[in-house]
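**Q** Below is entry_17.cif; it holds mmCIF, C-alpha atoms.
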data_entry
#
loop_
_atom_site.group_PDB
_atom_site.id
_atom_site.type_symbol
_atom_site.label_atom_id
_atom_site.label_comp_id
_atom_site.auth_asym_id
_atom_site.auth_seq_id
_atom_site.Cartn_x
_atom_site.Cartn_y
_atom_site.Cartn_z
ATOM 1 C CA MET A 1 67.153 -132.626 -14.129
ATOM 2 C CA THR A 2 67.271 -129.773 -16.609
ATOM 3 C CA ASP A 3 69.362 -126.616 -16.245
ATOM 4 C CA GLN A 4 66.129 -124.667 -15.724
ATOM 5 C CA GLU A 5 65.104 -126.989 -12.862
ATOM 6 C CA ARG A 6 68.570 -126.811 -11.280
ATOM 7 C CA GLN A 7 68.455 -123.013 -11.428
ATOM 8 C CA ALA A 8 64.960 -122.979 -9.912
ATOM 9 C CA ILE A 9 66.085 -125.119 -6.955
ATOM 10 C CA ALA A 10 69.157 -122.917 -6.430
ATOM 11 C CA ALA A 11 66.947 -119.814 -6.578
ATOM 12 C CA ILE A 12 64.596 -121.285 -3.959
ATOM 13 C CA ALA A 13 67.609 -121.954 -1.722
ATOM 14 C CA LEU A 14 68.732 -118.339 -2.172
ATOM 15 C CA LEU A 15 65.232 -117.079 -1.419
ATOM 16 C CA ALA A 16 65.292 -119.173 1.762
ATOM 17 C CA ALA A 17 68.618 -117.637 2.784
ATOM 18 C CA TYR A 18 67.219 -114.124 2.358
ATOM 19 C CA ALA A 19 63.827 -114.936 3.932
ATOM 20 C CA ASP A 20 64.722 -113.218 7.204
ATOM 21 C CA GLY A 21 66.649 -110.376 5.585
ATOM 22 C CA ASP A 22 70.011 -111.799 6.636
ATOM 23 C CA LYS A 23 72.199 -114.360 4.894
ATOM 24 C CA SER A 24 74.528 -115.869 7.496
ATOM 25 C CA ALA A 25 77.842 -117.617 6.869
ATOM 26 C CA ASP A 26 76.170 -120.930 7.764
ATOM 27 C CA GLU A 27 73.472 -120.280 5.177
ATOM 28 C CA ARG A 28 76.116 -119.439 2.556
ATOM 29 C CA GLU A 29 77.865 -122.737 3.277
ATOM 30 C CA GLU A 30 74.572 -124.598 2.952
ATOM 31 C CA ILE A 31 73.897 -122.901 -0.392
ATOM 32 C CA ASP A 32 77.317 -124.119 -1.548
ATOM 33 C CA SER A 33 76.214 -127.624 -0.519
ATOM 34 C CA VAL A 34 72.978 -127.246 -2.465
ATOM 35 C CA VAL A 35 74.896 -126.143 -5.557
ATOM 36 C CA ALA A 36 77.183 -129.176 -5.195
ATOM 37 C CA VAL A 37 74.183 -131.509 -4.964
ATOM 38 C CA LEU A 38 72.707 -130.006 -8.124
ATOM 39 C CA GLU A 39 75.862 -130.968 -10.055
ATOM 40 C CA GLY A 40 76.953 -128.797 -12.903
ATOM 41 C CA PRO A 41 77.622 -125.134 -13.462
ATOM 42 C CA LEU A 42 75.022 -122.653 -12.283
ATOM 43 C CA PRO A 43 74.939 -118.912 -13.019
ATOM 44 C CA MET A 44 75.017 -118.053 -9.306
ATOM 45 C CA VAL A 45 75.831 -114.353 -9.800
ATOM 46 C CA ALA A 46 72.812 -113.958 -12.074
ATOM 47 C CA LEU A 47 70.628 -116.000 -9.710
ATOM 48 C CA HIS A 48 71.684 -113.821 -6.750
ATOM 49 C CA ARG A 49 70.988 -110.680 -8.758
ATOM 50 C CA ASP A 50 67.557 -111.877 -9.889
ATOM 51 C CA VAL A 51 66.577 -112.900 -6.353
ATOM 52 C CA LEU A 52 67.763 -109.622 -4.824
ATOM 53 C CA LEU A 53 66.071 -107.511 -7.515
ATOM 54 C CA GLY A 54 62.826 -109.469 -7.220
ATOM 55 C CA LYS A 55 62.994 -110.800 -10.784
ATOM 56 C CA THR A 56 62.829 -114.348 -9.420
ATOM 57 C CA THR A 57 60.005 -114.970 -7.009
ATOM 58 C CA LEU A 58 59.165 -117.980 -4.925
ATOM 59 C CA GLU A 59 56.183 -118.716 -7.138
ATOM 60 C CA SER A 60 58.074 -118.320 -10.424
ATOM 61 C CA ALA A 61 60.901 -120.600 -9.267
ATOM 62 C CA ALA A 62 58.473 -123.203 -7.891
ATOM 63 C CA GLY A 63 56.588 -123.122 -11.190
ATOM 64 C CA GLN A 64 59.709 -124.344 -13.000
ATOM 65 C CA LEU A 65 59.633 -127.681 -11.168
ATOM 66 C CA SER A 66 57.478 -130.353 -12.754
ATOM 67 C CA THR A 67 57.886 -133.516 -10.675
ATOM 68 C CA ARG A 68 57.035 -134.217 -7.065
ATOM 69 C CA GLU A 69 60.607 -135.390 -6.466
ATOM 70 C CA LEU A 70 62.081 -132.099 -7.676
ATOM 71 C CA LYS A 71 59.593 -130.120 -5.610
ATOM 72 C CA GLN A 72 60.464 -132.150 -2.536
ATOM 73 C CA LEU A 73 64.180 -131.659 -3.233
ATOM 74 C CA ALA A 74 63.635 -127.896 -3.498
ATOM 75 C CA TYR A 75 61.778 -127.871 -0.174
ATOM 76 C CA GLU A 76 64.496 -129.959 1.499
ATOM 77 C CA CYS A 77 67.196 -127.624 0.157
ATOM 78 C CA ALA A 78 65.341 -124.536 1.393
ATOM 79 C CA LEU A 79 64.742 -126.161 4.753
ATOM 80 C CA GLY A 80 68.429 -127.051 4.994
ATOM 81 C CA VAL A 81 69.439 -123.457 4.278
ATOM 82 C CA ILE A 82 67.008 -122.136 6.876
ATOM 83 C CA GLN A 83 68.148 -124.710 9.442
ATOM 84 C CA ALA A 84 71.848 -124.048 8.758
ATOM 85 C CA ASP A 85 72.166 -121.727 11.736
ATOM 86 C CA GLY A 86 70.282 -124.159 13.989
ATOM 87 C CA GLN A 87 67.002 -122.306 14.300
ATOM 88 C CA ARG A 88 64.004 -120.975 12.384
ATOM 89 C CA ASN A 89 62.673 -117.513 13.077
ATOM 90 C CA ALA A 90 59.203 -116.122 12.283
ATOM 91 C CA ALA A 91 60.222 -114.784 8.854
ATOM 92 C CA GLU A 92 61.690 -118.144 7.885
ATOM 93 C CA GLU A 93 58.561 -119.945 9.126
ATOM 94 C CA ALA A 94 56.481 -117.598 6.964
ATOM 95 C CA PHE A 95 58.706 -118.394 3.975
ATOM 96 C CA LEU A 96 58.243 -122.134 4.503
ATOM 97 C CA ALA A 97 54.484 -121.607 4.870
ATOM 98 C CA ARG A 98 54.463 -119.938 1.416
ATOM 99 C CA LEU A 99 56.902 -122.417 -0.141
ATOM 100 C CA ALA A 100 54.969 -125.608 0.593
ATOM 101 C CA PRO A 101 51.787 -124.652 -1.270
ATOM 102 C CA ALA A 102 53.789 -123.009 -4.069
ATOM 103 C CA LEU A 103 55.405 -126.412 -4.589
ATOM 104 C CA GLY A 104 52.134 -128.259 -4.085
ATOM 105 C CA LEU A 105 53.428 -130.043 -0.985
ATOM 106 C CA SER A 106 51.270 -130.825 2.000
ATOM 107 C CA GLY A 107 50.315 -133.546 4.426
ATOM 108 C CA GLU A 108 52.392 -136.177 6.119
ATOM 109 C CA SER A 109 55.406 -136.027 3.806
ATOM 110 C CA LEU A 110 55.779 -132.303 4.510
ATOM 111 C CA GLN A 111 55.482 -132.855 8.255
ATOM 112 C CA ALA A 112 58.060 -135.653 8.065
ATOM 113 C CA LEU A 113 60.535 -133.356 6.281
ATOM 114 C CA ARG A 114 60.124 -130.659 8.901
ATOM 115 C CA ALA A 115 60.300 -133.084 11.820
ATOM 116 C CA GLY A 116 63.511 -134.561 10.419
ATOM 117 C CA ALA A 117 65.037 -131.105 10.039
ATOM 118 C CA ASP A 118 64.014 -130.192 13.591
ATOM 119 C CA ALA A 119 65.580 -133.389 14.929
ATOM 120 C CA LEU A 120 68.842 -132.757 13.086
ATOM 121 C CA ALA A 121 68.954 -129.140 14.221
ATOM 122 C CA GLY A 122 68.483 -130.198 17.829
ATOM 123 C CA MET A 123 71.319 -132.722 17.803
ATOM 124 C CA PRO A 124 74.679 -131.653 19.227
ATOM 125 C CA PHE A 125 77.442 -131.540 16.681
ATOM 126 C CA GLU A 126 80.058 -134.193 17.237
ATOM 127 C CA PRO A 127 82.895 -134.417 14.744
ATOM 128 C CA ASP A 128 83.300 -137.766 13.083
ATOM 129 C CA ASP A 129 86.332 -139.454 14.603
ATOM 130 C CA ALA A 130 86.397 -142.168 11.928
ATOM 131 C CA ASP A 131 88.989 -140.308 9.844
ATOM 132 C CA GLU A 132 91.302 -139.941 12.852
ATOM 133 C CA ALA A 133 91.514 -143.732 13.195
ATOM 134 C CA VAL A 134 93.101 -144.035 9.738
ATOM 135 C CA ASP A 135 96.882 -143.955 9.726
ATOM 136 C CA PRO A 136 97.883 -140.983 7.531
ATOM 137 C CA GLU A 137 100.761 -142.924 5.987
ATOM 138 C CA GLU A 138 98.438 -145.807 5.088
ATOM 139 C CA LYS A 139 95.961 -143.355 3.570
ATOM 140 C CA ALA A 140 98.723 -141.687 1.525
ATOM 141 C CA ALA A 141 100.018 -145.068 0.360
ATOM 142 C CA ALA A 142 96.527 -146.067 -0.745
ATOM 143 C CA GLU A 143 96.108 -142.784 -2.637
ATOM 144 C CA VAL A 144 99.471 -143.248 -4.345
ATOM 145 C CA ALA A 145 98.572 -146.808 -5.294
ATOM 146 C CA SER A 146 95.291 -145.617 -6.796
ATOM 147 C CA GLY A 147 97.085 -142.875 -8.750
ATOM 148 C CA LYS A 148 95.532 -139.976 -6.814
ATOM 149 C CA ILE A 149 98.803 -138.514 -5.512
ATOM 150 C CA PHE A 150 101.859 -137.569 -7.534
ATOM 151 C CA ILE A 151 104.567 -135.224 -6.385
ATOM 152 C CA GLY A 152 106.409 -133.078 -8.908
ATOM 153 C CA THR A 153 109.879 -131.892 -7.932
ATOM 154 C CA GLY A 154 111.849 -128.863 -9.020
ATOM 155 C CA ASP A 155 113.949 -130.920 -11.430
ATOM 156 C CA SER A 156 110.790 -131.922 -13.353
ATOM 157 C CA SER A 157 111.155 -135.565 -12.394
ATOM 158 C CA THR A 158 108.110 -137.232 -10.962
ATOM 159 C CA ARG A 159 108.196 -139.080 -7.696
ATOM 160 C CA ALA A 160 105.509 -141.051 -5.937
ATOM 161 C CA ILE A 161 105.256 -141.704 -2.221
ATOM 162 C CA VAL A 162 105.849 -145.402 -1.763
ATOM 163 C CA PRO A 163 106.035 -146.735 1.805
ATOM 164 C CA SER A 164 108.114 -149.799 0.914
ATOM 165 C CA SER A 165 111.102 -147.831 -0.400
ATOM 166 C CA PRO A 166 113.766 -146.273 1.852
ATOM 167 C CA GLY A 167 112.731 -142.778 2.862
ATOM 168 C CA GLY A 168 109.247 -143.330 1.473
ATOM 169 C CA VAL A 169 110.030 -141.801 -1.939
ATOM 170 C CA ALA A 170 110.815 -143.656 -5.135
ATOM 171 C CA PRO A 171 111.343 -142.277 -8.620
ATOM 172 C CA ALA A 172 108.474 -142.919 -10.984
ATOM 173 C CA ALA A 173 109.102 -144.847 -14.167
ATOM 174 C CA ALA A 174 110.393 -142.667 -16.978
ATOM 175 C CA PRO A 175 107.818 -142.019 -19.682
ATOM 176 C CA ASP A 176 108.224 -143.748 -23.020
ATOM 177 C CA GLU A 177 109.322 -140.781 -25.129
ATOM 178 C CA GLU A 178 108.520 -142.512 -28.395
ATOM 179 C CA ALA A 179 104.959 -143.198 -27.231
ATOM 180 C CA LEU A 180 104.604 -139.575 -26.078
ATOM 181 C CA ASP A 181 105.816 -138.261 -29.448
ATOM 182 C CA LYS A 182 103.330 -140.526 -31.231
ATOM 183 C CA MET A 183 100.447 -139.288 -29.010
ATOM 184 C CA ILE A 184 101.370 -135.643 -29.570
ATOM 185 C CA LEU A 185 101.839 -135.945 -33.321
ATOM 186 C CA ASP A 186 98.743 -138.063 -33.951
#
Using structure tokens, write down the structure that the file contains.

**A**
Amino acid sequence: MTDQERQAIAAIALLAAYADGDKSADEREEIDSVVAVLEGPLPMVALHRDVLLGKTTLESAAGQLSTRELKQLAYECALGVIQADGQRNAAEEAFLARLAPALGLSGESLQALRAGADALAGMPFEPDDADEAVDPEEKAAAEVASGKIFIGTGDSSTRAIVPSSPGGVAPAAAPDEEALDKMILD
């Protein structure tokens, strides 16, 4: 996916958020999710400005997408933004009605996307309890073992949480100063 295509999809998501004249907190969170899916830096301030000033239109953004997969992704992202607050109003329906043909989408695949979004929006939210079943100490130990967690102390020594040592904290091995000097000087 090119930068131009990523920007076009982000712009379509922004256009979806503003379709009803109001951009809710839920829609903002969904836009953040869209940006994360698109991977890589996006000029979001410029995209917001261009959408709000009318420099980027639905048709111009849709025209930047060349493959069916990218067009479908753009539609799914817009639909997700619109569905973020759990409902679609008339203005948002009108936006989707313009978006589909602008992207060249129609037929069963389009209906399947909308039906899936409707089903998800109608489901009650139930937090995933799977994370609660994990012992926090076991999770921390696993993260320490994988090198994800290190704790720096005020005396500049490094300590790692290790469940097998008394008190759960053990000093980390001292760095090889000769090897560090060689890395810095080379």

**Q** Rounded to one decimal, what separation in Å do you get between atom CA of Leu42 of chain A and atom CA of Ala10 of chain A?

**A** 8.3 Å

**Q** If you measure from atom CA of Glu69 of chain A to atom CA of Gln87 of chain A, what distance in Å do you get, rounded to one decimal?

**A**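 Going from atom CA of Glu69 of chain A over to atom CA of Gln87 of chain A, I get 25.4 Å.
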
**Q** Can you list, as a list in words, every protein, DNA or RNA residue that comes within 10 Å of segment 32-37 of chain A when you count only C-alpha atoms, leaving out same-chain residues fewer than 5 positions away?

**A**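 Skipping anything fewer than 5 positions along the chain leaves Arg6, Gln7, Ile9, Ala10, Ala13, Leu14, Asp26, Glu27, Leu42, Met44, Leu73, Ala74, Glu76, Cys77, Ala78, Gly80 and Val81 of chain A.
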
**Q** What would the file look like if the residues just selected were written as a short mmCIF file (atom, residue, chain, number, x, y, z; two decimals), keeping the file's coordinate frame with C-alpha atoms?

**A**
data_model
loop_
_atom_site.label_atom_id
_atom_site.label_comp_id
_atom_site.auth_asym_id
_atom_site.auth_seq_id
_atom_site.Cartn_x
_atom_site.Cartn_y
_atom_site.Cartn_z
CA ARG A 6 68.57 -126.81 -11.28
CA GLN A 7 68.46 -123.01 -11.43
CA ILE A 9 66.08 -125.12 -6.96
CA ALA A 10 69.16 -122.92 -6.43
CA ALA A 13 67.61 -121.95 -1.72
CA LEU A 14 68.73 -118.34 -2.17
CA ASP A 26 76.17 -120.93 7.76
CA GLU A 27 73.47 -120.28 5.18
CA LEU A 42 75.02 -122.65 -12.28
CA MET A 44 75.02 -118.05 -9.31
CA LEU A 73 64.18 -131.66 -3.23
CA ALA A 74 63.64 -127.90 -3.50
CA GLU A 76 64.50 -129.96 1.50
CA CYS A 77 67.20 -127.62 0.16
CA ALA A 78 65.34 -124.54 1.39
CA GLY A 80 68.43 -127.05 4.99
CA VAL A 81 69.44 -123.46 4.28
#

**Q** Restricting the calculation to all atoms listed in the file, which member of A:Leu58, A:Ala102, A:Leu110, A:Met1 is positioned closest to Gly40 of chain A?

**A** A:Met1

**Q** Would you place a box with edges along x, y and z of the file around all atoms of segment 43-56 of chain A listed there, add 8 Å to each of its six sides, and report the centre and edge lengths in Å to one decimal, as lines of an AutoDock Vina configuration file?

**A**
center_x = 69.3
center_y = -113.2
center_z = -8.9
size_x = 29.0
size_y = 27.4
size_z = 24.2

**Q** Interatomic distance between atom CA of Asn89 of chain A and atom CA of Leu103 of chain A?

**A**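 Atom CA of Leu103 of chain A lies 21.1 Å from atom CA of Asn89 of chain A.
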
**Q** Taking into account all atoms listed in the file, which residue in the set A:Ile82, A:Leu70, A:Ala115, A:Ala11 is nearest to Ala46 of chain A?

**A**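 Looking at the shortest contact to Ala46 of chain A, the residue is A:Ala11.
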
**Q** Select, from A:Asp3, A:Leu113, A:Thr56, A:Ala94, the residue with the minimum atom-to-atom distance to Gln72 of chain A, counting all atoms listed in the file.

**A**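 When distances to Gln72 of chain A are compared using all atoms listed in the file, the smallest one comes from A:Leu113.
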